[in-house]
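Visitor: Here it is, the structure, as structure tokens.
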Protein chains: 2
Amino acid sequence: MAKNLQIIPLGGLRGIGKNMTVYEYGRNIMVVDCGVMFPANDMYGIDLVLPDFDYVVENQDKLRGIFLTHGHMDHIGALPYLLREVETPIYGTPLTLGLVERRLAEKNVLHKTDLRVLDKGSRHHAGPFRVSPFAVAHSIPDAVGLVIETPVGKIVHTGDYKMDETPAGGYTTDLATLRELTRGGVLAMLGDSTNADQPGRTQTEAVVRETLDHLFAQAKGERIIIATFSSMLARLQEIINLAQKHGRRVTLTGRSLVENVGLARELGYLDAPDHLIVDARADVRREELVVLATGSQGEPRSALNKMAEGTHRQVRVGNGDTIIISGGTIPGNEEDVGRMINKLFEQGANVIYGPMATVHVSGHGSRGDMRAMLEAVKPRYLIPVHGEPRHLHLHRQLAGETGLRAERVFILKEGMPWVSDGQKAWTGEQAELVDVWVDGRLVGEIGEIVMRDRHRLSQEGFIVALIPVNKQRQLAGEPQLVSRGFVRMDEAGELLEASRDEIRRQVERGSRDMRRSLEDFFFRATQSRPVVLPQFIHV
Amino acid sequence: MAKNLQIIPLGGLRGIGKNMTVYEYGRNIMVVDCGVMFPANDMYGIDLVLPDFDYVVENQDKLRGIFLTHGHMDHIGALPYLLREVETPIYGTPLTLGLVERRLAEKNVLHKTDLRVLDKGSRHHAGPFRVSPFAVAHSIPDAVGLVIETPVGKIVHTGDYKMDETPAGGYTTDLATLRELTRGGVLAMLGDSTNADQPGRTQTEAVVRETLDHLFAQAKGERIIIATFSSMLARLQEIINLAQKHGRRVTLTGRSLVENVGLARELGYLDAPDHLIVDARADVRREELVVLATGSQGEPRSALNKMAEGTHRQVRVGNGDTIIISGGTIPGNEEDVGRMINKLFEQGANVIYGPMATVHVSGHGSRGDMRAMLEAVKPRYLIPVHGEPRHLHLHRQLAGETGLRAERVFILKEGMPWVSDGQKAWTGEQAELVDVWVDGRLVGEIGEIVMRDRHRLSQEGFIVALIPVNKQRQLAGEPQLVSRGFVRMDEAGELLEASRDEIRRQVERGSRDMRRSLEDFFFRATQSRPVVLPQFIHV
């Protein structure tokens with residue numbers, strides 16, 4: 001049997017997150033990225049979602065290494081969980097590895113890892129694969145895409161990118177190197193689809209810089225507070241430069257921000273003179289200060305949200321504060337962000353957000369950028385990745401506009417292998433993957449059934465009916481109801497009494513389905529369907 | 001004591017919805033609008049939110065009438081609940097009254113209502129108030145703003161509006177009449193703030209018409225499915241006209257759509273020849289059909305969502321369908337809408353949504369429109385309404401740009417009266433208002449405590465521990481755990497056993513706070529905090 005290349009996406013096709021791709025040839029596997037996904041609003045109580053990487057664990061004897069494209073959590077966050085089960089070299093650029101080290105140390109798995117620097121211009125062997133990075137512009141420095149030479153042809157794995165000719169920190173997408181590396185043709189490209197529904201080009205970071213410069217000038221005499229993603233190190237550098245230009249000091253608030261800035265300064269990715277960064281309690285006049293804060297998504301425990309709630313220990317906001325939300329709202333966070341902004345205004349601050357001024361641009365390319373990538377790489381096959389199904393389909397439409405026929409574009413499912421002999425390509429049988437939910441210390445123990453219960457409990461609460469019965473299944477005492485989240489039982493005397501009567505009636509009648517009877521009773525009385533659990537107490 | 005005018009907003013200042021304003025002078029009250037709000041994602045199990053209208057009920061002897069600006073649910077939806085408690089004339093334009101009649105009939109309160117037509121050009125007396133409507137452009141026909149003459153001066157109540165010179169159906173905002181009615185000056189304006197964070201002018205409906213025309217031409221040979229708000233009757237008229245132009249029939253799916261179209265046709269607000277509208281089962285070729293469907297917000301039971309799920313009885317979508325989402329996504333609905341679009345693409349349809357084409361424009365004016373209104377009315381005082389606090393504050397900023405000083409702009413809270421003698425203005429004492437939640441048949445019975453329980457249940461579930469004890473408070477049998485939404489108890493044998501041991505230990509120790517002990521136990525074991533309810537069974 002001839003050997004074929006298999007590419008199996010383990011995540012990243014049903015949402016932005018948990019990016020992880022398996023490359024397999026013969027008895028060799030390499031993995032690109034190993035990220036987490038943040039839960040949707042209806043994944044009640046879930047902290048994180050991991051990709052289902054059982055396939056990698058089961059085949060760890062074949063595993064030749066994990067290559068990381070950049071240091072965002074949706075690309076590195078699941079590594080600590082995978083590395084509890086496998087040992088393998090981890091390749092990444094210096095900043096990416098710095099962020100990985102911190103994450104591994106937090107989760108106590110650092111000791112057993114073999115971190116290897118992925119230098120630009122280098123080429124790394126992993127079994128039959130040869131991997132060469134090329135720089136890409138993204139919202140974090142030191143991001144790369146990968147050209148992966150396989151025995152059947154070259155694959156371009158773009159990672160997250162945009163085409164920005166005037167980015168922060170000079171990190172442009174290096175199409176020259178990419179063209180060089182892909183001479184002789186590309187079998188397939190796995191391309192970022194995040195913004196496939198955004199027409200035109202993604203604006204350059206230079207626009208954000210100009211807007212912020214203008215806002216700094218306008219805010220003369222006021223304190224400036226800026227909330228942004230702590231991982232947007234390029235944006236942070238711009239803000240630090242502007243603070244210097246406008247004669248302000250910078251203070252940091254929010255754990256991830258303090259940590260990321262510390263790490264980036266240590267590794268030389270963030271240039272900030274020591275005297276510029278001051279403690280929040282330092283004796284600096286308000287109007288000479290820029291407060292950099294976490295909280296662009298309105299996260300409850302973030303620094304800016306604490307300011308909005310009036311519970312931040314060092315910073316009280318009010319009149320004389322210009323607050324800039326310099327981060328796009330991730331879908332699902334709109335309500336939290338909106339409420340936080342409401343409260344900041346109510347405290348007297350002026351808040352600049354949304355379409356009022358370009359204080360944020362995406363780190364992902366829009367259709368114009370994606371088109372430029374397709375035209376630079378000219379792959380024989382396209383596998384759209386990093387998006388929800390709608391983005392993958394729109395990426396296919398876009399590729400069609402560049403002349404790539406629809407049958408050359410493979411919209412995969414997670415767990416579905418793309419297979420090629422270097423000429424033809426087809427899909428293999430899809431493995432059943434299960435999202436792995438992390439809830440506190442529980443990893444993978446919460447499944448669909450528990451989630452359905454949580455949903456139902458959230459809507460109508462529950463009632464446990466304690467029914468004392470004797471051996472003849474006759475009532476042997478007063479039934480008791482224990483309930484939460486349904487109605488206020490202390491104010492529902494009539495309903496309570498009526499439900500006890502119902503229980504008595506059903507026991508006398510010898511009802512075989514007490515649960516159903518009580519569910520029907522409560523529905524008739526309230527048109528609600530709480531979870532009902534009758535418990536017979538044998539006395 | 002001189003008589004003063006009081007204006008008390010009962011809703012509409014903490015979100016888009018439940019609009020209701022009390023005007024009071026001496027022993028006279030009139031009310032403008034009486035709407036509902038749709039619940040935020042974290043109002044678990046709640047169907048609707050009503051304004052707290054106790055003040056109106058308690059003062060019904062003073063009530064001279066309710067004036068309605070237009071027929072959207074956030075302006076009329078709470079009427080059936082109010083009319084269970086008070087009797088008073090209801091004034092509205094013919095379409096608004098038609099929609100009110102239907103809503104009242106559904107809720108069985110139609111018999112006791114006195115509906116009065118608010119003709120354009122008319123003036124209505126309600127105690128000391130004289131009310132004159134003026135036409136406004138909005139996303140429903142027959143919308144009006146009100147000029148309210150009071151003994152201390154004129155008030156302009158804009159209602160929802162935009163400045164659209166080329167609207168659907170010719171419903172422009174009638175600034176000429178407004179200027180005429182406000183000759184002699186305006187004491188105060190209550191102005192729509194919905195889009196105060198949107199720069200520029202709201203685009204005209206004519207742009208949507210052109211885009212749809214273009215998409216109809218492109219979709220030749222395909223079936224067209226369009227999802228829009230059933231209340232956007234102007235948009236529906238455009239689509240019907242385009243169907244005629246492009247030689248297509250129209251079929252309707254979704255209860256509210258069928259009802260609204262029926263009513264609007266009956267009242268002459270929607271012009272559609274009988275042969276054009278066909279049943280979904282009619283023998284019409286796919287490529288000659290436009291399916292108008294509910295579901296632009298991804299609502300689970302809407303027609304388009306059923307098509308996405310493959311459960312719609314008449315319409316199966318797939319290859320050869322062009323689906324247009326012609327409605328903006330209301331904040332909080334992004335996840336539902338996104339999932340629905342994903343599934344439609346996965347079924348093979350082509351979906352047009354979001355920024356890819358201008359298939360929707362807002363019915364509310366942006367900053368440019370709001371500025372034009374401020375300059376036409378030139379009020380002495382501005383009371384920003386119809387928005388969240390951020391919008392109200394940005395409306396104040398905008399008014400400042402037109403020369404209205406900040407102290408002349410009153411950002412009120414719900415229940416806080418604005419008071420004026422015709423010259424000066426000030427605020428009165430804020431009454432404590434409570435949002436009234438509707439959950440099934442329960443109106444106002446679900447409060448904060450139940451909601452907190454629902455939230456906690458949604459995150460971690462619950463455990464009821466049944467602990468049999470004798471009179472000496474010694475364990476008299478095996479403790480039992482009843483649980484949902486925590487972990488799968490049938491797979492958590494060890495945890496179950498350990499928790500029974502803990503109960504035994506605590507009973508032996510004579511623990512006075514079994515709940516706390518068990519909460520701590522489960523937190524140590526899982527880092528989760530389910531609701532824990534120990535129940536001692538005395539045997």
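Going through the structure tokens in order, the chains are called A, B, and so on, while each chain numbers its residues from 1 and the ligands are numbered from 1 in the order shown.
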Any idea what's packed within 9 Å of Arg123 of chain A, counting only C-alpha atoms, ignoring anything in its chain fewer than 6 positions away? Could you give it as a list of chain:residue names?

Guide: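 Skipping anything fewer than 6 positions along the chain leaves A:Arg130, A:Val131, A:Ser132, A:Pro133.
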
Visitor: Write a file of the selected residues as a short mmCIF file (atom, residue, chain, number, x, y, z; two decimals), in the first residue's frame, keeping all heavy atoms.

Guide:
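The new file again.cif reads:
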```
data_model
loop_
_atom_site.label_atom_id
_atom_site.label_comp_id
_atom_site.auth_asym_id
_atom_site.auth_seq_id
_atom_site.Cartn_x
_atom_site.Cartn_y
_atom_site.Cartn_z
N ARG A 130 9.70 18.24 7.08
CA ARG A 130 10.66 19.32 7.27
C ARG A 130 9.87 20.61 7.39
O ARG A 130 9.07 20.94 6.50
CB ARG A 130 11.65 19.37 6.11
CG ARG A 130 12.72 18.27 6.25
CD ARG A 130 13.70 18.31 5.13
NE ARG A 130 13.03 18.04 3.84
CZ ARG A 130 13.67 18.00 2.68
NH1 ARG A 130 14.98 18.23 2.60
NH2 ARG A 130 13.00 17.74 1.56
N VAL A 131 10.07 21.32 8.46
CA VAL A 131 9.21 22.45 8.81
C VAL A 131 10.00 23.74 8.79
O VAL A 131 11.02 23.86 9.48
CB VAL A 131 8.58 22.25 10.21
CG1 VAL A 131 7.64 23.40 10.54
CG2 VAL A 131 7.84 20.91 10.27
N SER A 132 9.56 24.72 7.99
CA SER A 132 10.22 26.02 7.92
C SER A 132 9.21 27.12 8.26
O SER A 132 8.15 27.21 7.64
CB SER A 132 10.73 26.29 6.50
OG SER A 132 11.54 25.22 6.06
N PRO A 133 9.52 27.95 9.25
CA PRO A 133 8.60 29.04 9.60
C PRO A 133 8.77 30.25 8.69
O PRO A 133 9.84 30.45 8.11
CB PRO A 133 9.02 29.39 11.03
CG PRO A 133 10.48 29.08 11.07
CD PRO A 133 10.71 27.92 10.13
#
```

Visitor: Hey, what's within 10 Å of Gly332 of chain B if we count only C-alpha atoms and toss same-chain stuff fewer than 6 positions away? As a PyMOL selection string, please?

Guide: (chain A and resi 41+331-336) or (chain B and resi 39-42+297)

Visitor: Just to be explicit: take each residue in the selection above, keep N, CA, C and O atoms, and write the result as a compact mmCIF listing (two decimals), in the first residue's frame.

Guide:
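Result file is selection.txt:
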```
# COMPACT_ATOMS: atom_id res chain seq x y z
N ASN A 41 -21.75 31.07 25.88
CA ASN A 41 -22.57 31.47 27.03
C ASN A 41 -23.44 30.33 27.56
O ASN A 41 -23.80 30.32 28.72
N PRO A 331 -17.79 37.73 19.93
CA PRO A 331 -19.22 37.40 19.94
C PRO A 331 -19.60 36.60 21.17
O PRO A 331 -18.92 35.63 21.53
N GLY A 332 -20.68 37.01 21.81
CA GLY A 332 -21.09 36.37 23.05
C GLY A 332 -20.78 37.25 24.26
O GLY A 332 -21.37 37.08 25.32
N ASN A 333 -19.83 38.19 24.11
CA ASN A 333 -19.47 39.05 25.24
C ASN A 333 -20.16 40.41 25.20
O ASN A 333 -19.92 41.26 26.06
N GLU A 334 -21.02 40.64 24.19
CA GLU A 334 -21.61 41.97 24.00
C GLU A 334 -22.33 42.49 25.24
O GLU A 334 -22.23 43.67 25.57
N GLU A 335 -23.09 41.60 25.89
CA GLU A 335 -23.87 42.08 27.04
C GLU A 335 -22.96 42.50 28.20
O GLU A 335 -23.18 43.54 28.81
N ASP A 336 -21.93 41.70 28.47
CA ASP A 336 -21.00 42.05 29.55
C ASP A 336 -20.28 43.36 29.26
O ASP A 336 -20.14 44.22 30.13
N PRO B 39 -35.80 39.52 27.55
CA PRO B 39 -34.82 39.32 28.63
C PRO B 39 -33.40 39.19 28.11
O PRO B 39 -33.16 38.70 27.01
N ALA B 40 -32.45 39.61 28.92
CA ALA B 40 -31.03 39.39 28.64
C ALA B 40 -30.74 37.90 28.81
O ALA B 40 -31.53 37.15 29.39
N ASN B 41 -29.59 37.46 28.28
CA ASN B 41 -29.24 36.04 28.34
C ASN B 41 -29.14 35.51 29.77
O ASN B 41 -29.32 34.32 29.99
N ASP B 42 -28.83 36.38 30.73
CA ASP B 42 -28.68 35.87 32.09
C ASP B 42 -29.94 36.03 32.93
O ASP B 42 -29.91 35.84 34.14
N GLN B 297 -33.20 36.57 14.23
CA GLN B 297 -32.42 36.55 15.48
C GLN B 297 -32.03 35.14 15.89
O GLN B 297 -31.58 34.92 17.01
```

Visitor: So how many Å separate atom CA of Asn108 of chain A and atom CA of Leu79 of chain A, to one decimal?

Guide: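 Atom-to-atom, atom CA of Asn108 of chain A to atom CA of Leu79 of chain A, that is 11.7 Å.
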
Visitor: Within 10 Å of segment 232-237 of chain A, counting only C-alpha atoms, which residues qualify if same-chain residues fewer than 3 places away don't, as an MDAnalysis selection string?

Guide: chainID A and resid 72 138:141 167:171 205 208:209 226 228:229 240:243 257 260:261 264 269:272 292 326:327 360 363

Visitor: Give me, please, the distance in Å between atom CA of Leu276 of chain B and atom CA of Arg249 of chain B, quoted to one decimal.

Guide: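 Answer for the atom CA of Leu276 of chain B to atom CA of Arg249 of chain B separation: 5.0 Å.
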
Visitor: Write out as number ranges by chain which residues come within 12 Å of Glu309 of chain B when counting only C-alpha atoms, dropping same-chain ones fewer than 6 positions away.

Guide: B: 298-303, 315-318, 339-347

Visitor: Atoms to include: N, CA, C and O atoms. Write the selected residues as a PDB file, in the first residue's frame.

Guide:
```
ATOM      1  N   GLY B 298     -32.246  34.178  15.009  1.00  0.00           N
ATOM      2  CA  GLY B 298     -31.889  32.796  15.342  1.00  0.00           C
ATOM      3  C   GLY B 298     -32.757  32.205  16.442  1.00  0.00           C
ATOM      4  O   GLY B 298     -32.350  31.252  17.113  1.00  0.00           O
ATOM      5  N   GLU B 299     -33.945  32.754  16.662  1.00  0.00           N
ATOM      6  CA  GLU B 299     -34.824  32.258  17.729  1.00  0.00           C
ATOM      7  C   GLU B 299     -35.103  30.772  17.493  1.00  0.00           C
ATOM      8  O   GLU B 299     -35.470  30.377  16.390  1.00  0.00           O
ATOM      9  N   PRO B 300     -34.969  29.944  18.562  1.00  0.00           N
ATOM     10  CA  PRO B 300     -35.056  28.493  18.381  1.00  0.00           C
ATOM     11  C   PRO B 300     -36.302  28.030  17.619  1.00  0.00           C
ATOM     12  O   PRO B 300     -36.216  27.153  16.774  1.00  0.00           O
ATOM     13  N   ARG B 301     -37.478  28.638  17.913  1.00  0.00           N
ATOM     14  CA  ARG B 301     -38.697  28.133  17.276  1.00  0.00           C
ATOM     15  C   ARG B 301     -39.095  28.888  16.023  1.00  0.00           C
ATOM     16  O   ARG B 301     -40.201  28.721  15.509  1.00  0.00           O
ATOM     17  N   SER B 302     -38.208  29.733  15.508  1.00  0.00           N
ATOM     18  CA  SER B 302     -38.537  30.503  14.307  1.00  0.00           C
ATOM     19  C   SER B 302     -38.426  29.637  13.063  1.00  0.00           C
ATOM     20  O   SER B 302     -37.796  28.578  13.058  1.00  0.00           O
ATOM     21  N   ALA B 303     -39.052  30.110  11.993  1.00  0.00           N
ATOM     22  CA  ALA B 303     -39.096  29.327  10.752  1.00  0.00           C
ATOM     23  C   ALA B 303     -37.691  29.070  10.200  1.00  0.00           C
ATOM     24  O   ALA B 303     -37.350  27.933   9.858  1.00  0.00           O
ATOM     25  N   VAL B 315     -40.317  23.458   4.271  1.00  0.00           N
ATOM     26  CA  VAL B 315     -39.142  23.926   3.531  1.00  0.00           C
ATOM     27  C   VAL B 315     -37.879  23.179   3.953  1.00  0.00           C
ATOM     28  O   VAL B 315     -37.463  23.237   5.107  1.00  0.00           O
ATOM     29  N   ARG B 316     -37.271  22.462   2.988  1.00  0.00           N
ATOM     30  CA  ARG B 316     -35.962  21.840   3.168  1.00  0.00           C
ATOM     31  C   ARG B 316     -34.965  22.712   2.439  1.00  0.00           C
ATOM     32  O   ARG B 316     -35.116  22.948   1.253  1.00  0.00           O
ATOM     33  N   VAL B 317     -33.949  23.209   3.110  1.00  0.00           N
ATOM     34  CA  VAL B 317     -32.978  24.047   2.408  1.00  0.00           C
ATOM     35  C   VAL B 317     -31.780  23.230   1.954  1.00  0.00           C
ATOM     36  O   VAL B 317     -31.508  22.152   2.482  1.00  0.00           O
ATOM     37  N   GLY B 318     -31.092  23.734   0.957  1.00  0.00           N
ATOM     38  CA  GLY B 318     -29.918  23.038   0.439  1.00  0.00           C
ATOM     39  C   GLY B 318     -29.330  23.803  -0.722  1.00  0.00           C
ATOM     40  O   GLY B 318     -29.551  25.005  -0.862  1.00  0.00           O
ATOM     41  N   ARG B 339     -24.871  30.360  14.990  1.00  0.00           N
ATOM     42  CA  ARG B 339     -25.069  28.906  14.873  1.00  0.00           C
ATOM     43  C   ARG B 339     -26.065  28.559  13.782  1.00  0.00           C
ATOM     44  O   ARG B 339     -25.890  27.598  13.048  1.00  0.00           O
ATOM     45  N   MET B 340     -27.115  29.360  13.688  1.00  0.00           N
ATOM     46  CA  MET B 340     -28.118  29.106  12.651  1.00  0.00           C
ATOM     47  C   MET B 340     -27.492  29.262  11.263  1.00  0.00           C
ATOM     48  O   MET B 340     -27.694  28.405  10.381  1.00  0.00           O
ATOM     49  N   ILE B 341     -26.712  30.305  11.071  1.00  0.00           N
ATOM     50  CA  ILE B 341     -26.078  30.524   9.764  1.00  0.00           C
ATOM     51  C   ILE B 341     -25.120  29.377   9.456  1.00  0.00           C
ATOM     52  O   ILE B 341     -25.062  28.882   8.321  1.00  0.00           O
ATOM     53  N   ASN B 342     -24.360  28.933  10.460  1.00  0.00           N
ATOM     54  CA  ASN B 342     -23.471  27.777  10.255  1.00  0.00           C
ATOM     55  C   ASN B 342     -24.240  26.596   9.678  1.00  0.00           C
ATOM     56  O   ASN B 342     -23.813  25.966   8.704  1.00  0.00           O
ATOM     57  N   LYS B 343     -25.379  26.300  10.294  1.00  0.00           N
ATOM     58  CA  LYS B 343     -26.132  25.113   9.872  1.00  0.00           C
ATOM     59  C   LYS B 343     -26.711  25.291   8.484  1.00  0.00           C
ATOM     60  O   LYS B 343     -26.804  24.326   7.717  1.00  0.00           O
ATOM     61  N   LEU B 344     -27.126  26.494   8.145  1.00  0.00           N
ATOM     62  CA  LEU B 344     -27.662  26.734   6.800  1.00  0.00           C
ATOM     63  C   LEU B 344     -26.576  26.511   5.754  1.00  0.00           C
ATOM     64  O   LEU B 344     -26.811  25.892   4.714  1.00  0.00           O
ATOM     65  N   PHE B 345     -25.374  27.000   6.016  1.00  0.00           N
ATOM     66  CA  PHE B 345     -24.258  26.750   5.095  1.00  0.00           C
ATOM     67  C   PHE B 345     -23.991  25.253   4.995  1.00  0.00           C
ATOM     68  O   PHE B 345     -23.764  24.716   3.914  1.00  0.00           O
ATOM     69  N   GLU B 346     -24.007  24.577   6.152  1.00  0.00           N
ATOM     70  CA  GLU B 346     -23.702  23.144   6.157  1.00  0.00           C
ATOM     71  C   GLU B 346     -24.722  22.348   5.362  1.00  0.00           C
ATOM     72  O   GLU B 346     -24.417  21.276   4.859  1.00  0.00           O
ATOM     73  N   GLN B 347     -25.945  22.881   5.231  1.00  0.00           N
ATOM     74  CA  GLN B 347     -26.950  22.189   4.427  1.00  0.00           C
ATOM     75  C   GLN B 347     -26.774  22.487   2.944  1.00  0.00           C
ATOM     76  O   GLN B 347     -27.540  21.994   2.127  1.00  0.00           O
TER      77      GLN B 347
END
```

Visitor: Which residues are close to Arg488 of chain B, i.e. within 10 Å by only C-alpha atoms, leaving aside same-chain residues fewer than 2 positions away? Reply as a PyMOL selection string.

Guide: (chain A and resi 445-447+449-450) or (chain B and resi 483-486+490-493)

Visitor: For Glu24 of chain A, please output as a list in words all residues within 9 Å (counting only C-alpha atoms; exclusion window: fewer than 4 positions along the same chain).

Guide: Asn4, Leu5, Gln6, Ile7, Ile8, Asn28, Ile29, Met30, Val31 and Lys62 of chain A

Visitor: Can I get the selection written as a PDB file, in the first residue's frame, with all heavy atoms?

Guide:
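Heads up, here's the output in out-v2.pdb:
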```
ATOM      1  N   ASN A   4       0.276   7.555   2.187  1.00  0.00           N
ATOM      2  CA  ASN A   4      -0.402   8.823   1.928  1.00  0.00           C
ATOM      3  C   ASN A   4      -0.190   9.764   3.102  1.00  0.00           C
ATOM      4  O   ASN A   4       0.071   9.333   4.222  1.00  0.00           O
ATOM      5  CB  ASN A   4      -1.901   8.585   1.747  1.00  0.00           C
ATOM      6  CG  ASN A   4      -2.189   7.772   0.503  1.00  0.00           C
ATOM      7  OD1 ASN A   4      -1.556   7.976  -0.536  1.00  0.00           O
ATOM      8  ND2 ASN A   4      -3.107   6.829   0.624  1.00  0.00           N
ATOM      9  N   LEU A   5      -0.330  11.041   2.806  1.00  0.00           N
ATOM     10  CA  LEU A   5      -0.322  12.054   3.864  1.00  0.00           C
ATOM     11  C   LEU A   5      -1.747  12.195   4.400  1.00  0.00           C
ATOM     12  O   LEU A   5      -2.705  12.248   3.616  1.00  0.00           O
ATOM     13  CB  LEU A   5       0.148  13.395   3.293  1.00  0.00           C
ATOM     14  CG  LEU A   5       0.013  14.602   4.229  1.00  0.00           C
ATOM     15  CD1 LEU A   5       0.975  14.500   5.410  1.00  0.00           C
ATOM     16  CD2 LEU A   5       0.253  15.905   3.457  1.00  0.00           C
ATOM     17  N   GLN A   6      -1.866  12.237   5.722  1.00  0.00           N
ATOM     18  CA  GLN A   6      -3.165  12.528   6.332  1.00  0.00           C
ATOM     19  C   GLN A   6      -3.055  13.798   7.160  1.00  0.00           C
ATOM     20  O   GLN A   6      -2.111  13.936   7.940  1.00  0.00           O
ATOM     21  CB  GLN A   6      -3.568  11.416   7.290  1.00  0.00           C
ATOM     22  CG  GLN A   6      -3.958  10.135   6.635  1.00  0.00           C
ATOM     23  CD  GLN A   6      -4.900   9.354   7.573  1.00  0.00           C
ATOM     24  OE1 GLN A   6      -6.011   9.782   7.844  1.00  0.00           O
ATOM     25  NE2 GLN A   6      -4.426   8.237   8.055  1.00  0.00           N
ATOM     26  N   ILE A   7      -4.007  14.679   6.992  1.00  0.00           N
ATOM     27  CA  ILE A   7      -4.079  15.866   7.851  1.00  0.00           C
ATOM     28  C   ILE A   7      -5.410  15.802   8.586  1.00  0.00           C
ATOM     29  O   ILE A   7      -6.468  15.713   7.957  1.00  0.00           O
ATOM     30  CB  ILE A   7      -3.982  17.167   7.021  1.00  0.00           C
ATOM     31  CG1 ILE A   7      -2.652  17.203   6.258  1.00  0.00           C
ATOM     32  CG2 ILE A   7      -4.125  18.388   7.925  1.00  0.00           C
ATOM     33  CD1 ILE A   7      -2.478  18.420   5.357  1.00  0.00           C
ATOM     34  N   ILE A   8      -5.360  15.796   9.915  1.00  0.00           N
ATOM     35  CA  ILE A   8      -6.585  15.644  10.717  1.00  0.00           C
ATOM     36  C   ILE A   8      -6.740  16.842  11.649  1.00  0.00           C
ATOM     37  O   ILE A   8      -5.977  16.994  12.598  1.00  0.00           O
ATOM     38  CB  ILE A   8      -6.551  14.357  11.569  1.00  0.00           C
ATOM     39  CG1 ILE A   8      -6.048  13.165  10.738  1.00  0.00           C
ATOM     40  CG2 ILE A   8      -7.933  14.075  12.161  1.00  0.00           C
ATOM     41  CD1 ILE A   8      -5.768  11.930  11.571  1.00  0.00           C
ATOM     42  N   ASN A  28       4.519   8.211  11.447  1.00  0.00           N
ATOM     43  CA  ASN A  28       5.006   9.486  11.970  1.00  0.00           C
ATOM     44  C   ASN A  28       3.871  10.488  12.090  1.00  0.00           C
ATOM     45  O   ASN A  28       3.068  10.647  11.168  1.00  0.00           O
ATOM     46  CB  ASN A  28       6.059  10.078  11.024  1.00  0.00           C
ATOM     47  CG  ASN A  28       7.231   9.137  10.859  1.00  0.00           C
ATOM     48  OD1 ASN A  28       8.114   9.080  11.697  1.00  0.00           O
ATOM     49  ND2 ASN A  28       7.204   8.357   9.760  1.00  0.00           N
ATOM     50  N   ILE A  29       3.876  11.141  13.234  1.00  0.00           N
ATOM     51  CA  ILE A  29       2.884  12.195  13.466  1.00  0.00           C
ATOM     52  C   ILE A  29       3.598  13.462  13.909  1.00  0.00           C
ATOM     53  O   ILE A  29       4.545  13.397  14.699  1.00  0.00           O
ATOM     54  CB  ILE A  29       1.894  11.758  14.581  1.00  0.00           C
ATOM     55  CG1 ILE A  29       0.865  10.782  14.013  1.00  0.00           C
ATOM     56  CG2 ILE A  29       1.182  12.956  15.206  1.00  0.00           C
ATOM     57  CD1 ILE A  29      -0.094  10.243  15.051  1.00  0.00           C
ATOM     58  N   MET A  30       3.197  14.601  13.360  1.00  0.00           N
ATOM     59  CA  MET A  30       3.551  15.868  13.992  1.00  0.00           C
ATOM     60  C   MET A  30       2.265  16.660  14.200  1.00  0.00           C
ATOM     61  O   MET A  30       1.263  16.440  13.520  1.00  0.00           O
ATOM     62  CB  MET A  30       4.578  16.664  13.186  1.00  0.00           C
ATOM     63  CG  MET A  30       4.134  17.092  11.802  1.00  0.00           C
ATOM     64  SD  MET A  30       5.203  18.377  11.060  1.00  0.00           S
ATOM     65  CE  MET A  30       4.339  19.872  11.582  1.00  0.00           C
ATOM     66  N   VAL A  31       2.294  17.562  15.181  1.00  0.00           N
ATOM     67  CA  VAL A  31       1.104  18.317  15.556  1.00  0.00           C
ATOM     68  C   VAL A  31       1.401  19.802  15.393  1.00  0.00           C
ATOM     69  O   VAL A  31       2.511  20.243  15.692  1.00  0.00           O
ATOM     70  CB  VAL A  31       0.706  17.996  17.019  1.00  0.00           C
ATOM     71  CG1 VAL A  31      -0.345  18.968  17.538  1.00  0.00           C
ATOM     72  CG2 VAL A  31       0.192  16.560  17.118  1.00  0.00           C
ATOM     73  N   LYS A  62       4.406   7.439  17.786  1.00  0.00           N
ATOM     74  CA  LYS A  62       4.675   7.993  16.448  1.00  0.00           C
ATOM     75  C   LYS A  62       4.955   9.500  16.488  1.00  0.00           C
ATOM     76  O   LYS A  62       5.311  10.079  15.471  1.00  0.00           O
ATOM     77  CB  LYS A  62       3.457   7.797  15.537  1.00  0.00           C
ATOM     78  CG  LYS A  62       3.003   6.365  15.319  1.00  0.00           C
ATOM     79  CD  LYS A  62       1.840   6.365  14.327  1.00  0.00           C
ATOM     80  CE  LYS A  62       1.128   5.023  14.262  1.00  0.00           C
ATOM     81  NZ  LYS A  62      -0.123   5.116  13.492  1.00  0.00           N
TER      82      LYS A  62
END
```
